[in-house]
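Next comes input.txt, a file with compact mmCIF, C-alpha atoms (C1' of nucleotides).
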# COMPACT_ATOMS: atom_id res chain seq x y z
CA MET D 184 115.61 67.18 73.72
CA SER D 185 116.27 65.34 76.90
CA TYR D 186 119.01 62.75 76.55
CA THR D 187 118.15 59.27 75.53
CA ARG D 188 114.57 58.24 75.76
CA ASN D 189 115.84 55.01 77.25
CA VAL D 190 113.03 52.79 76.45
CA VAL D 191 114.61 49.41 76.17
CA ASP D 192 113.80 48.08 72.77
CA GLU D 193 111.62 45.07 73.32
CA ALA D 194 112.62 43.12 70.25
CA SER D 195 116.27 43.53 71.02
CA LEU D 196 115.77 42.64 74.66
CA LEU D 197 113.99 39.40 73.83
CA GLU D 198 116.53 38.65 71.19
CA ARG D 199 119.41 39.24 73.54
CA LEU D 200 117.84 36.89 76.02
CA ARG D 201 117.12 34.26 73.43
CA THR D 202 120.71 34.16 72.28
CA ARG D 203 121.67 33.55 75.86
CA GLY D 204 119.64 30.39 75.85
CA TRP D 205 116.55 31.78 77.47
CA ARG D 206 113.34 30.10 76.43
CA VAL D 207 110.92 32.86 75.58
CA THR D 208 107.50 31.84 76.82
CA PRO D 209 104.27 33.84 76.65
CA GLN D 210 104.60 34.67 80.35
CA ARG D 211 108.14 35.91 80.05
CA ARG D 212 107.26 37.89 77.00
CA ALA D 213 104.38 39.51 78.86
CA VAL D 214 106.71 40.56 81.66
CA ALA D 215 109.32 41.82 79.24
CA GLU D 216 106.70 43.83 77.39
CA VAL D 217 105.63 45.56 80.55
CA LEU D 218 109.18 46.58 81.34
CA THR D 219 109.75 47.59 77.78
CA GLY D 220 106.96 50.11 77.55
CA ASP D 221 107.10 53.70 78.59
CA HIS D 222 109.04 52.94 81.68
CA VAL D 223 108.37 53.98 85.20
CA HIS D 224 109.85 52.22 88.21
CA LEU D 225 107.38 49.45 88.77
CA THR D 226 107.01 47.16 91.75
CA ALA D 227 106.62 43.42 91.23
CA ASP D 228 102.93 43.79 91.96
CA GLU D 229 102.50 46.49 89.37
CA VAL D 230 104.37 44.44 86.81
CA HIS D 231 102.08 41.54 87.63
CA GLU D 232 98.98 43.64 87.24
CA ARG D 233 100.06 44.96 83.87
CA ALA D 234 101.30 41.63 82.65
CA ARG D 235 97.89 40.20 83.42
CA ALA D 236 96.28 42.74 81.17
CA ARG D 237 98.14 41.01 78.36
CA LEU D 238 98.04 37.45 79.59
CA PRO D 239 95.46 36.99 82.33
CA GLU D 240 96.85 33.81 83.82
CA VAL D 241 100.40 34.88 84.64
CA SER D 242 101.10 34.19 88.27
CA LEU D 243 102.86 36.46 90.67
CA ALA D 244 105.45 33.74 91.28
CA THR D 245 106.38 33.78 87.62
CA VAL D 246 106.65 37.54 87.66
CA TYR D 247 109.08 37.29 90.58
CA ASN D 248 110.99 34.52 88.87
CA THR D 249 111.26 36.42 85.62
CA LEU D 250 112.24 39.67 87.26
CA GLY D 251 114.88 37.80 89.25
CA GLU D 252 116.28 36.28 86.09
CA LEU D 253 116.36 39.61 84.30
CA VAL D 254 118.17 41.13 87.26
CA ASP D 255 120.69 38.28 87.32
CA MET D 256 121.28 38.75 83.63
CA GLY D 257 121.88 42.42 84.18
CA GLU D 258 118.98 43.53 82.01
CA VAL D 259 117.05 45.14 84.81
CA LEU D 260 118.11 46.85 88.00
CA GLU D 261 116.45 46.10 91.30
CA LEU D 262 116.00 49.24 93.37
CA ARG D 263 115.45 49.13 97.08
CA ILE D 264 115.04 52.68 98.23
CA GLY D 265 113.05 53.43 101.33
CA ASP D 266 110.94 50.74 102.91
CA GLY D 267 108.37 49.86 100.33
CA PRO D 268 108.66 46.95 97.94
CA ALA D 269 111.55 46.70 95.49
CA ARG D 270 111.19 48.54 92.19
CA TYR D 271 112.51 47.42 88.85
CA ASP D 272 114.37 49.74 86.55
CA PRO D 273 114.89 48.57 82.98
CA ASN D 274 116.85 51.71 82.17
CA ILE D 275 120.27 50.21 82.61
CA HIS D 276 121.86 51.24 79.37
CA ALA D 277 122.24 54.84 80.36
CA ARG D 278 124.18 55.52 83.53
CA HIS D 279 121.87 57.29 85.91
CA GLN D 280 121.09 57.93 89.52
CA HIS D 281 117.87 58.46 91.45
CA LEU D 282 115.88 61.24 93.03
CA VAL D 283 113.37 60.15 95.69
CA CYS D 284 110.62 62.04 97.43
CA THR D 285 110.78 61.36 101.15
CA GLY D 286 107.12 62.26 101.39
CA CYS D 287 105.40 60.02 98.86
CA GLY D 288 108.21 57.83 97.62
CA ALA D 289 108.07 59.07 94.02
CA LEU D 290 111.20 58.05 92.16
CA LEU D 291 112.87 59.71 89.19
CA ASP D 292 115.94 59.03 87.10
CA ILE D 293 118.55 61.75 87.12
CA GLN D 294 122.04 62.39 85.86
CA PRO D 295 123.73 64.59 88.42
CA ALA D 296 127.04 66.30 87.79
CA GLY D 297 130.14 65.23 89.64
CA VAL D 298 129.52 61.51 89.90
CA GLU D 299 132.69 60.73 87.96
CA GLN D 300 134.71 62.64 90.49
CA LEU D 301 133.63 60.57 93.46
CA LYS D 302 136.57 58.71 94.81
CA LEU D 303 137.27 56.55 97.80
CA PRO D 304 140.80 57.10 99.09
CA ARG D 305 142.79 53.90 99.25
CA SER D 306 143.10 54.36 102.98
CA GLN D 307 139.35 53.90 103.30
CA GLN D 308 138.80 51.05 100.90
CA HIS D 309 139.30 48.45 103.61
CA GLY D 310 140.52 46.05 100.96
CA TYR D 311 137.23 46.11 99.07
CA VAL D 312 137.07 45.82 95.31
CA ILE D 313 134.69 48.61 94.34
CA ASP D 314 132.20 47.67 91.63
CA ASP D 315 129.70 50.46 91.66
CA ILE D 316 128.65 53.77 93.14
CA ASP D 317 125.03 54.72 93.75
CA VAL D 318 124.00 58.27 94.38
CA THR D 319 120.55 59.01 95.73
CA PHE D 320 119.19 62.52 96.06
CA ARG D 321 116.46 62.80 98.67
CA GLY D 322 114.00 65.61 98.79
CA ARG D 323 110.37 66.53 98.56
CA CYS D 324 108.43 66.67 95.35
CA PRO D 325 106.41 69.80 94.60
CA ARG D 326 103.25 68.26 96.03
CA CYS D 327 104.81 66.99 99.24
CA ALA D 328 106.84 70.14 99.77
CA GLY D 329 103.62 72.10 99.43
CA LEU D 330 101.84 70.09 102.08
CA GLY D 331 104.00 71.58 104.78
CA GLU D 332 105.80 68.94 106.77
CA ALA D 333 104.73 65.80 105.05
CA LYS D 334 105.72 63.00 107.36
CA PRO D 335 108.03 60.58 105.61
CA ARG D 336 107.94 56.89 106.35
CA MET E 135 144.41 60.74 113.75
CA SER E 136 141.33 59.21 112.25
CA TYR E 137 138.61 61.80 112.33
CA THR E 138 136.15 61.73 115.15
CA ARG E 139 135.69 58.52 116.99
CA ASN E 140 131.98 59.18 116.65
CA VAL E 141 130.69 57.39 119.59
CA VAL E 142 127.61 59.33 120.47
CA ASP E 143 128.01 60.47 124.00
CA GLU E 144 125.36 58.69 125.93
CA ALA E 145 124.82 61.22 128.65
CA SER E 146 124.43 64.00 126.16
CA LEU E 147 122.13 61.95 124.00
CA LEU E 148 119.79 61.19 126.87
CA GLU E 149 119.98 64.76 128.02
CA ARG E 150 119.17 66.08 124.57
CA LEU E 151 116.18 63.81 124.43
CA ARG E 152 115.01 64.74 127.89
CA THR E 153 115.03 68.42 127.08
CA ARG E 154 112.82 67.64 124.15
CA GLY E 155 110.22 66.25 126.49
CA TRP E 156 111.12 62.61 126.13
CA ARG E 157 110.39 60.51 129.13
CA VAL E 158 113.50 58.47 129.84
CA THR E 159 112.42 55.03 130.97
CA PRO E 160 114.65 52.07 131.80
CA GLN E 161 113.74 50.48 128.49
CA ARG E 162 114.58 53.53 126.46
CA ARG E 163 117.79 54.00 128.33
CA ALA E 164 118.77 50.41 127.63
CA VAL E 165 118.23 50.94 123.91
CA ALA E 166 120.10 54.23 123.94
CA GLU E 167 123.00 52.59 125.75
CA VAL E 168 123.30 49.95 123.09
CA LEU E 169 123.46 52.52 120.34
CA THR E 170 125.86 54.59 122.33
CA GLY E 171 128.52 51.94 122.72
CA ASP E 172 131.25 51.11 120.31
CA HIS E 173 129.00 51.40 117.36
CA VAL E 174 128.46 49.03 114.52
CA HIS E 175 125.40 49.09 112.31
CA LEU E 176 122.97 47.01 114.28
CA THR E 177 119.66 45.55 113.21
CA ALA E 178 116.61 45.93 115.43
CA ASP E 179 117.05 42.33 116.50
CA GLU E 180 120.65 42.86 117.48
CA VAL E 181 119.72 45.97 119.42
CA HIS E 182 117.04 43.96 121.17
CA GLU E 183 119.45 41.18 122.04
CA ARG E 184 121.98 43.57 123.50
CA ALA E 185 119.41 45.67 125.28
CA ARG E 186 118.18 42.51 126.97
CA ALA E 187 121.62 41.86 128.33
CA ARG E 188 121.09 45.03 130.34
CA LEU E 189 117.39 44.79 131.00
CA PRO E 190 116.07 41.30 130.36
CA GLU E 191 112.44 42.19 129.98
CA VAL E 192 112.60 44.75 127.17
CA SER E 193 110.30 43.70 124.38
CA LEU E 194 111.08 43.81 120.72
CA ALA E 195 108.10 46.10 120.21
CA THR E 196 109.63 48.66 122.51
CA VAL E 197 112.93 48.41 120.72
CA TYR E 198 111.16 49.15 117.45
CA ASN E 199 109.21 51.98 119.03
CA THR E 200 112.30 53.53 120.53
CA LEU E 201 114.36 53.20 117.40
CA GLY E 202 111.55 54.77 115.43
CA GLU E 203 111.41 57.69 117.82
CA LEU E 204 115.16 58.20 117.69
CA VAL E 205 115.02 58.17 113.91
CA ASP E 206 112.17 60.69 113.91
CA MET E 207 114.12 62.93 116.23
CA GLY E 208 117.09 62.72 113.92
CA GLU E 209 119.36 61.09 116.49
CA VAL E 210 119.79 57.87 114.57
CA LEU E 211 119.79 57.06 110.91
CA GLU E 212 117.86 54.13 109.52
CA LEU E 213 119.77 52.37 106.78
CA ARG E 214 118.06 50.15 104.28
CA ILE E 215 120.71 48.84 102.01
CA GLY E 216 120.18 45.55 100.26
CA ASP E 217 117.32 43.31 101.27
CA GLY E 218 118.04 42.33 104.85
CA PRO E 219 116.52 44.07 107.85
CA ALA E 220 117.07 47.79 108.43
CA ARG E 221 120.23 48.82 110.27
CA TYR E 222 120.56 51.69 112.66
CA ASP E 223 123.42 54.13 112.52
CA PRO E 224 123.91 56.44 115.50
CA ASN E 225 126.83 58.12 113.81
CA ILE E 226 124.92 61.08 112.48
CA HIS E 227 127.07 63.86 113.77
CA ALA E 228 129.83 63.26 111.29
CA ARG E 229 128.81 63.37 107.66
CA HIS E 230 129.58 60.03 106.15
CA GLN E 231 128.61 57.60 103.47
CA HIS E 232 128.57 53.82 103.24
CA LEU E 233 130.53 50.99 101.69
CA VAL E 234 128.65 47.71 101.32
CA CYS E 235 129.83 44.26 100.41
CA THR E 236 127.51 42.77 97.81
CA GLY E 237 128.60 39.33 98.91
CA CYS E 238 128.01 39.25 102.63
CA GLY E 239 126.31 42.57 103.30
CA ALA E 240 129.07 43.95 105.54
CA LEU E 241 128.65 47.69 105.98
CA LEU E 242 131.29 50.32 106.71
CA ASP E 243 131.27 54.06 107.19
CA ILE E 244 133.38 56.00 104.72
CA GLN E 245 134.11 59.58 103.78
CA PRO E 246 134.68 59.60 100.04
CA ALA E 247 136.11 62.57 98.20
CA GLY E 248 133.96 64.61 95.86
CA VAL E 249 130.63 64.40 97.65
CA GLU E 250 130.50 68.18 98.02
CA GLN E 251 130.81 68.57 94.29
CA LEU E 252 127.73 66.52 93.46
CA LYS E 253 125.13 68.75 91.93
CA LEU E 254 121.77 68.29 90.32
CA PRO E 255 121.25 70.75 87.47
CA ARG E 256 118.12 72.81 87.93
CA SER E 257 116.77 71.31 84.73
CA GLN E 258 116.66 67.93 86.43
CA GLN E 259 115.32 68.89 89.80
CA HIS E 260 111.73 68.41 88.72
CA GLY E 261 110.68 70.97 91.29
CA TYR E 262 112.00 68.93 94.19
CA VAL E 263 113.48 70.55 97.26
CA ILE E 264 116.68 68.56 97.80
CA ASP E 265 117.39 67.72 101.44
CA ASP E 266 120.10 65.17 101.27
CA ILE E 267 122.46 63.15 99.13
CA ASP E 268 123.42 59.55 99.88
CA VAL E 269 126.37 57.90 98.26
CA THR E 270 126.78 54.15 98.48
CA PHE E 271 129.88 52.37 97.27
CA ARG E 272 129.25 48.73 96.42
CA GLY E 273 131.95 46.15 96.17
CA ARG E 274 133.30 42.96 97.60
CA CYS E 275 135.12 42.71 100.87
CA PRO E 276 138.46 40.91 100.96
CA ARG E 277 136.84 37.66 102.01
CA CYS E 278 134.05 37.71 99.45
CA ALA E 279 136.34 38.88 96.66
CA GLY E 280 138.61 35.99 97.50
CA LEU E 281 135.85 33.40 97.26
CA GLY E 282 135.72 33.82 93.49
CA GLU E 283 132.34 34.90 92.29
CA ALA E 284 130.40 35.10 95.48
CA LYS E 285 126.80 35.32 94.44
CA PRO E 286 125.21 38.46 95.82
CA ARG E 287 121.59 38.45 96.93
C1' DG M 182 94.85 59.78 145.43
C1' DA M 183 91.98 59.60 141.19
C1' DA M 184 91.82 60.40 136.45
C1' DA M 185 94.42 61.19 132.40
C1' DA M 186 98.33 60.53 129.73
C1' DA M 187 102.45 58.17 128.51
C1' DC M 188 104.68 53.71 128.08
C1' DT M 189 105.30 48.85 127.64
C1' DT M 190 104.00 44.31 126.40
C1' DA M 191 102.65 39.70 124.19
C1' DG M 192 100.83 38.16 120.58
C1' DA M 193 98.16 38.73 116.32
C1' DA M 194 98.23 40.67 111.88
C1' DT M 195 100.39 42.35 107.68
C1' DC M 196 103.34 42.66 103.90
C1' DG M 197 106.84 41.62 100.57
C1' DG M 198 108.98 37.88 98.96
C1' DT M 199 110.47 32.84 98.52
C1' DC M 200 109.71 27.93 98.49
C1' DT M 201 107.32 23.58 97.43
C1' DA M 202 105.11 20.15 94.97
C1' DG M 203 102.70 18.95 91.29
C1' DC M 204 101.24 19.95 86.56
C1' DT M 205 102.22 21.38 81.62
C1' DC M 206 104.81 22.28 77.83
C1' DT M 207 108.68 21.80 74.62
C1' DC M 208 112.33 19.51 72.55
C1' DG M 209 115.32 15.87 70.99
C1' DG M 210 115.58 11.43 69.92
C1' DA M 211 113.86 6.38 68.65
C1' DT B 108 104.48 9.60 65.89
C1' DC B 109 105.47 8.75 70.57
C1' DC B 110 108.27 9.11 74.72
C1' DG B 111 111.05 10.82 78.38
C1' DA B 112 113.80 14.58 80.23
C1' DG B 113 113.98 18.84 81.59
C1' DA B 114 112.40 23.62 81.66
C1' DG B 115 108.79 26.40 83.05
C1' DC B 116 104.38 27.59 85.38
C1' DT B 117 101.17 27.81 89.18
C1' DA B 118 98.55 27.96 93.70
C1' DG B 119 99.22 28.09 97.96
C1' DA B 120 102.08 27.35 102.07
C1' DC B 121 105.66 29.53 104.36
C1' DC B 122 108.96 33.03 106.27
C1' DG B 123 111.19 37.08 108.25
C1' DA B 124 110.72 41.87 109.28
C1' DT B 125 107.81 45.08 110.96
C1' DT B 126 103.51 47.15 112.64
C1' DC B 127 99.26 46.92 115.06
C1' DT B 128 96.08 45.91 118.91
C1' DA B 129 94.32 45.54 123.22
C1' DA B 130 95.31 45.32 127.74
C1' DG B 131 98.25 46.19 131.71
C1' DT B 132 101.66 49.42 134.22
C1' DT B 133 103.76 53.66 135.47
C1' DT B 134 103.92 58.56 135.75
C1' DT B 135 102.00 62.96 135.86
C1' DT B 136 98.58 66.25 136.90
C1' DC B 137 95.17 68.36 139.45

As structure tokens, how would this structure be written, given the file I've shared?
Amino acid sequence: MSYTRNVVDEASLLERLRTRGWRVTPQRRAVAEVLTGDHVHLTADEVHERARARLPEVSLATVYNTLGELVDMGEVLELRIGDGPARYDPNIHARHQHLVCTGCGALLDIQPAGVEQLKLPRSQQHGYVIDDIDVTFRGRCPRCAGLGEAKPR
Amino acid sequence: MSYTRNVVDEASLLERLRTRGWRVTPQRRAVAEVLTGDHVHLTADEVHERARARLPEVSLATVYNTLGELVDMGEVLELRIGDGPARYDPNIHARHQHLVCTGCGALLDIQPAGVEQLKLPRSQQHGYVIDDIDVTFRGRCPRCAGLGEAKPR
DNA sequence: GAAAAACTTAGAATCGGTCTAGCTCTCGGA
DNA sequence: TCCGAGAGCTAGACCGATTCTAAGTTTTTC
């Protein structure tokens, strides 16, 4: 019922990468598999942990390298919201924005209305070439809202 | 003609803080003065540097403490855009958004059109209480756009 | 003016992330 | 088959931003 399930198809991801001259190694496959699954917004550490469940000797350095490559290739989005570690979002084939809980940091994908209408008047563009617009909704999730004034940080 | 010059009035800032039971010390005043001036988006280090010009013995720890308190009190906004250090924006009394250069990280205040129209359908609120919406325009500043494909990072 | 509370400080500690140097693996020839 | 080049992997050192700690200083309170 909800739009697009947005699980990146693993086979097609690996294939796409291969045709771009990427050597698919067991380590890279392990990382790709993690991102491919039922996706949440994982940190590098979480990706590492899960990749190790498949291939116990993958190193954290390789996870960082692979994530960096996927980001450079535009297959994965690096999210830096709040102060924690970066999170990786493989859901790049459906335009979406994010909803963050200022209490616990929980992060959800959303598709708000009105994004298309956002416009920066020429007079305020300062000569920039605009490539992208990010919209972040901040609020408190049911749990944090319930706990009275949960202190963000 | 441009809207609000948005320099936080220093006297009123200190006064506001004092009435909230804040003890105004030389160190805190020095930090407040830095933020009060012709404002850019300064990092903690830059604030420290400038505060020292006024009061040579302020420590970086105190700068962090003071900035944190100002953020908690809602007098200053902490911006974490991209991967560098956090930047502090005293311009909180005029609603505004940000324009970032993906090449060099330059940051500008903007007031795009259409922000008021952004809306998150109830079906996507996931029970969150929405407090705020941030809009970030990403692009390349004239210099970085000119340098061909400046590699962001 | 003594004790308590609020502040400040240098430096240590922490945390996310990157870099380095050496090892391994794969691939394309001879 | 064997070899060398280059791509990839790894542990661990390193780094920058920020927070923490423990001790000293100032202010307030009684």

For DA120 of chain B, please output as JSON, numbers by chain all residues within 12 Å (counting all atoms listed in the file; exclusion window: fewer than 6 positions along the same chain). {"M": [199, 200, 201, 202]}

Distance table requested - chain E against chain D, cut-off 7 Å, only C-alpha atoms: one row per qualifying residue with the closest atom pair and its distance in Å to one decimal, ordered by chain and rising residue number, as a Markdown table.
| residue | atom | partner | partner_atom | distance |
| --- | --- | --- | --- | --- |
| E:Arg214 | CA | D:Gly265 | CA | 6.7 |
| E:Gly216 | CA | D:Arg263 | CA | 6.7 |
| E:Ile244 | CA | D:Gln307 | CA | 6.5 |
| E:Pro246 | CA | D:Leu303 | CA | 4.6 |
| E:Ala247 | CA | D:Lys302 | CA | 5.2 |
| E:Gly248 | CA | D:Leu301 | CA | 4.7 |
| E:Val249 | CA | D:Leu301 | CA | 6.4 |
| E:Gln251 | CA | D:Gly297 | CA | 5.8 |
| E:Leu252 | CA | D:Gly297 | CA | 4.7 |
| E:Lys253 | CA | D:Ala296 | CA | 5.2 |
| E:Leu254 | CA | D:Pro295 | CA | 4.6 |
| E:Pro255 | CA | D:Pro295 | CA | 6.7 |
| E:Gln258 | CA | D:Ile293 | CA | 6.5 |
| E:Gly261 | CA | D:Pro325 | CA | 5.5 |
| E:Tyr262 | CA | D:Cys324 | CA | 4.4 |
| E:Val263 | CA | D:Gly322 | CA | 5.2 |
| E:Ile264 | CA | D:Gly322 | CA | 4.1 |
| E:Asp265 | CA | D:Gly322 | CA | 4.8 |
| E:Asp266 | CA | D:Arg321 | CA | 5.1 |
| E:Ile267 | CA | D:Phe320 | CA | 4.5 |
| E:Asp268 | CA | D:Thr319 | CA | 5.1 |
| E:Val269 | CA | D:Val318 | CA | 4.6 |
| E:Thr270 | CA | D:Asp317 | CA | 5.1 |
| E:Phe271 | CA | D:Ile316 | CA | 4.5 |
| E:Arg272 | CA | D:Asp315 | CA | 5.1 |
| E:Gly273 | CA | D:Ile313 | CA | 4.1 |
| E:Arg274 | CA | D:Tyr311 | CA | 5.2 |
| E:Cys275 | CA | D:Tyr311 | CA | 4.4 |
| E:Pro276 | CA | D:Gly310 | CA | 5.5 |

Residues within 9 Å of (103.4, 22.3, 94.3), file coords, only C-alpha atoms (C1' of nucleotides), listed as a ChimeraX atom specification: /M:201-204 /B:117-119

Quick one: chain D onto chain E, least squares on all Cα paired in order, result as a short mmCIF file (atom, residue, chain, number, x, y, z; two decimals) with C-alpha atoms, in the frame of the given file?
data_model
loop_
_atom_site.label_atom_id
_atom_site.label_comp_id
_atom_site.auth_asym_id
_atom_site.auth_seq_id
_atom_site.Cartn_x
_atom_site.Cartn_y
_atom_site.Cartn_z
CA MET D 184 144.41 59.18 113.97
CA SER D 185 141.29 58.50 112.05
CA TYR D 186 138.83 61.37 112.19
CA THR D 187 136.29 61.52 114.91
CA ARG D 188 135.69 58.40 116.87
CA ASN D 189 132.01 59.21 116.57
CA VAL D 190 130.72 57.39 119.49
CA VAL D 191 127.66 59.32 120.46
CA ASP D 192 128.09 60.36 124.03
CA GLU D 193 125.42 58.56 125.96
CA ALA D 194 124.94 61.11 128.70
CA SER D 195 124.54 63.89 126.22
CA LEU D 196 122.19 61.86 124.07
CA LEU D 197 119.89 61.09 126.98
CA GLU D 198 120.11 64.63 128.14
CA ARG D 199 119.25 65.99 124.73
CA LEU D 200 116.24 63.74 124.61
CA ARG D 201 115.14 64.64 128.10
CA THR D 202 115.15 68.33 127.34
CA ARG D 203 112.91 67.57 124.42
CA GLY D 204 110.34 66.18 126.78
CA TRP D 205 111.21 62.55 126.38
CA ARG D 206 110.54 60.43 129.42
CA VAL D 207 113.65 58.37 129.98
CA THR D 208 112.58 54.92 131.09
CA PRO D 209 114.81 51.93 131.85
CA GLN D 210 113.86 50.39 128.50
CA ARG D 211 114.69 53.48 126.52
CA ARG D 212 117.90 53.89 128.38
CA ALA D 213 118.84 50.31 127.60
CA VAL D 214 118.26 50.91 123.90
CA ALA D 215 120.16 54.17 123.96
CA GLU D 216 123.07 52.50 125.71
CA VAL D 217 123.32 49.88 123.03
CA LEU D 218 123.47 52.49 120.31
CA THR D 219 125.88 54.53 122.32
CA GLY D 220 128.54 51.89 122.68
CA ASP D 221 131.25 51.09 120.23
CA HIS D 222 128.98 51.44 117.30
CA VAL D 223 128.41 49.08 114.46
CA HIS D 224 125.33 49.18 112.25
CA LEU D 225 122.91 47.10 114.21
CA THR D 226 119.59 45.66 113.12
CA ALA D 227 116.55 46.01 115.36
CA ASP D 228 116.97 42.40 116.37
CA GLU D 229 120.57 42.90 117.35
CA VAL D 230 119.68 45.98 119.34
CA HIS D 231 117.00 43.95 121.08
CA GLU D 232 119.39 41.16 121.90
CA ARG D 233 121.94 43.52 123.38
CA ALA D 234 119.39 45.58 125.20
CA ARG D 235 118.17 42.41 126.85
CA ALA D 236 121.61 41.74 128.20
CA ARG D 237 121.11 44.89 130.24
CA LEU D 238 117.42 44.66 130.93
CA PRO D 239 116.08 41.18 130.25
CA GLU D 240 112.43 42.09 129.87
CA VAL D 241 112.61 44.68 127.10
CA SER D 242 110.30 43.68 124.31
CA LEU D 243 111.05 43.83 120.64
CA ALA D 244 108.06 46.14 120.17
CA THR D 245 109.62 48.66 122.51
CA VAL D 246 112.91 48.42 120.69
CA TYR D 247 111.11 49.22 117.43
CA ASN D 248 109.19 52.02 119.07
CA THR D 249 112.30 53.55 120.58
CA LEU D 250 114.34 53.25 117.42
CA GLY D 251 111.49 54.85 115.50
CA GLU D 252 111.39 57.74 117.93
CA LEU D 253 115.14 58.24 117.78
CA VAL D 254 114.96 58.26 113.99
CA ASP D 255 112.11 60.79 114.03
CA MET D 256 114.11 62.97 116.36
CA GLY D 257 117.05 62.79 114.03
CA GLU D 258 119.34 61.13 116.56
CA VAL D 259 119.74 57.94 114.61
CA LEU D 260 119.71 57.17 110.92
CA GLU D 261 117.77 54.26 109.51
CA LEU D 262 119.68 52.52 106.75
CA ARG D 263 118.00 50.32 104.22
CA ILE D 264 120.68 48.99 101.96
CA GLY D 265 120.20 45.71 100.19
CA ASP D 266 117.35 43.45 101.17
CA GLY D 267 118.01 42.51 104.74
CA PRO D 268 116.46 44.24 107.72
CA ALA D 269 116.99 47.94 108.34
CA ARG D 270 120.14 48.94 110.22
CA TYR D 271 120.48 51.80 112.64
CA ASP D 272 123.35 54.22 112.50
CA PRO D 273 123.85 56.48 115.50
CA ASN D 274 126.77 58.20 113.81
CA ILE D 275 124.85 61.17 112.53
CA HIS D 276 127.03 63.95 113.80
CA ALA D 277 129.74 63.38 111.27
CA ARG D 278 128.71 63.52 107.64
CA HIS D 279 129.48 60.17 106.12
CA GLN D 280 128.53 57.72 103.44
CA HIS D 281 128.51 53.93 103.25
CA LEU D 282 130.50 51.12 101.74
CA VAL D 283 128.64 47.81 101.37
CA CYS D 284 129.86 44.36 100.49
CA THR D 285 127.58 42.84 97.88
CA GLY D 286 128.69 39.41 99.01
CA CYS D 287 128.02 39.36 102.74
CA GLY D 288 126.31 42.67 103.34
CA ALA D 289 129.03 44.08 105.61
CA LEU D 290 128.60 47.81 106.01
CA LEU D 291 131.20 50.46 106.76
CA ASP D 292 131.18 54.21 107.22
CA ILE D 293 133.29 56.15 104.77
CA GLN D 294 134.01 59.72 103.81
CA PRO D 295 134.63 59.74 100.09
CA ALA D 296 136.05 62.72 98.26
CA GLY D 297 133.92 64.70 95.87
CA VAL D 298 130.58 64.49 97.61
CA GLU D 299 130.39 68.27 97.95
CA GLN D 300 130.72 68.62 94.23
CA LEU D 301 127.68 66.54 93.38
CA LYS D 302 125.09 68.71 91.80
CA LEU D 303 121.76 68.19 90.15
CA PRO D 304 121.27 70.61 87.26
CA ARG D 305 118.13 72.67 87.63
CA SER D 306 116.84 71.14 84.43
CA GLN D 307 116.72 67.76 86.15
CA GLN D 308 115.32 68.75 89.50
CA HIS D 309 111.75 68.24 88.35
CA GLY D 310 110.66 70.84 90.87
CA TYR D 311 111.93 68.83 93.83
CA VAL D 312 113.37 70.48 96.90
CA ILE D 313 116.55 68.51 97.52
CA ASP D 314 117.21 67.71 101.18
CA ASP D 315 119.96 65.17 101.09
CA ILE D 316 122.36 63.16 98.98
CA ASP D 317 123.35 59.58 99.79
CA VAL D 318 126.34 57.96 98.22
CA THR D 319 126.79 54.22 98.48
CA PHE D 320 129.91 52.44 97.30
CA ARG D 321 129.31 48.80 96.47
CA GLY D 322 132.03 46.25 96.28
CA ARG D 323 133.37 43.06 97.75
CA CYS D 324 135.15 42.85 101.05
CA PRO D 325 138.49 41.05 101.18
CA ARG D 326 136.85 37.80 102.26
CA CYS D 327 134.11 37.82 99.64
CA ALA D 328 136.44 38.97 96.88
CA GLY D 329 138.70 36.07 97.78
CA LEU D 330 135.94 33.52 97.48
CA GLY D 331 135.81 33.97 93.75
CA GLU D 332 132.37 34.93 92.56
CA ALA D 333 130.47 35.18 95.77
CA LYS D 334 126.85 35.31 94.78
CA PRO D 335 125.21 38.44 96.11
CA ARG D 336 121.62 38.47 97.22
#

Between atom C1' of DC121 of chain B and atom CA of Leu176 of chain E lies a distance of 26.5 Å

Specify as an NGL selection string all residues of chain E found within 12 Å of chain B, counting all atoms listed in the file. :E and (157-160 or 177-179 or 194-199 or 202 or 217-221)

Just the selected residues (C-alpha atoms), exported as a PDB file, in the frame of the given file, please.
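File selection39.pdb, as written:
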ATOM      1  CA  ARG E 157     110.390  60.510 129.130  1.00  0.00           C
ATOM      2  CA  VAL E 158     113.500  58.470 129.840  1.00  0.00           C
ATOM      3  CA  THR E 159     112.420  55.030 130.970  1.00  0.00           C
ATOM      4  CA  PRO E 160     114.650  52.070 131.800  1.00  0.00           C
ATOM      5  CA  THR E 177     119.660  45.550 113.210  1.00  0.00           C
ATOM      6  CA  ALA E 178     116.610  45.930 115.430  1.00  0.00           C
ATOM      7  CA  ASP E 179     117.050  42.330 116.500  1.00  0.00           C
ATOM      8  CA  LEU E 194     111.080  43.810 120.720  1.00  0.00           C
ATOM      9  CA  ALA E 195     108.100  46.100 120.210  1.00  0.00           C
ATOM     10  CA  THR E 196     109.630  48.660 122.510  1.00  0.00           C
ATOM     11  CA  VAL E 197     112.930  48.410 120.720  1.00  0.00           C
ATOM     12  CA  TYR E 198     111.160  49.150 117.450  1.00  0.00           C
ATOM     13  CA  ASN E 199     109.210  51.980 119.030  1.00  0.00           C
ATOM     14  CA  GLY E 202     111.550  54.770 115.430  1.00  0.00           C
ATOM     15  CA  ASP E 217     117.320  43.310 101.270  1.00  0.00           C
ATOM     16  CA  GLY E 218     118.040  42.330 104.850  1.00  0.00           C
ATOM     17  CA  PRO E 219     116.520  44.070 107.850  1.00  0.00           C
ATOM     18  CA  ALA E 220     117.070  47.790 108.430  1.00  0.00           C
ATOM     19  CA  ARG E 221     120.230  48.820 110.270  1.00  0.00           C
TER      20      ARG E 221
END
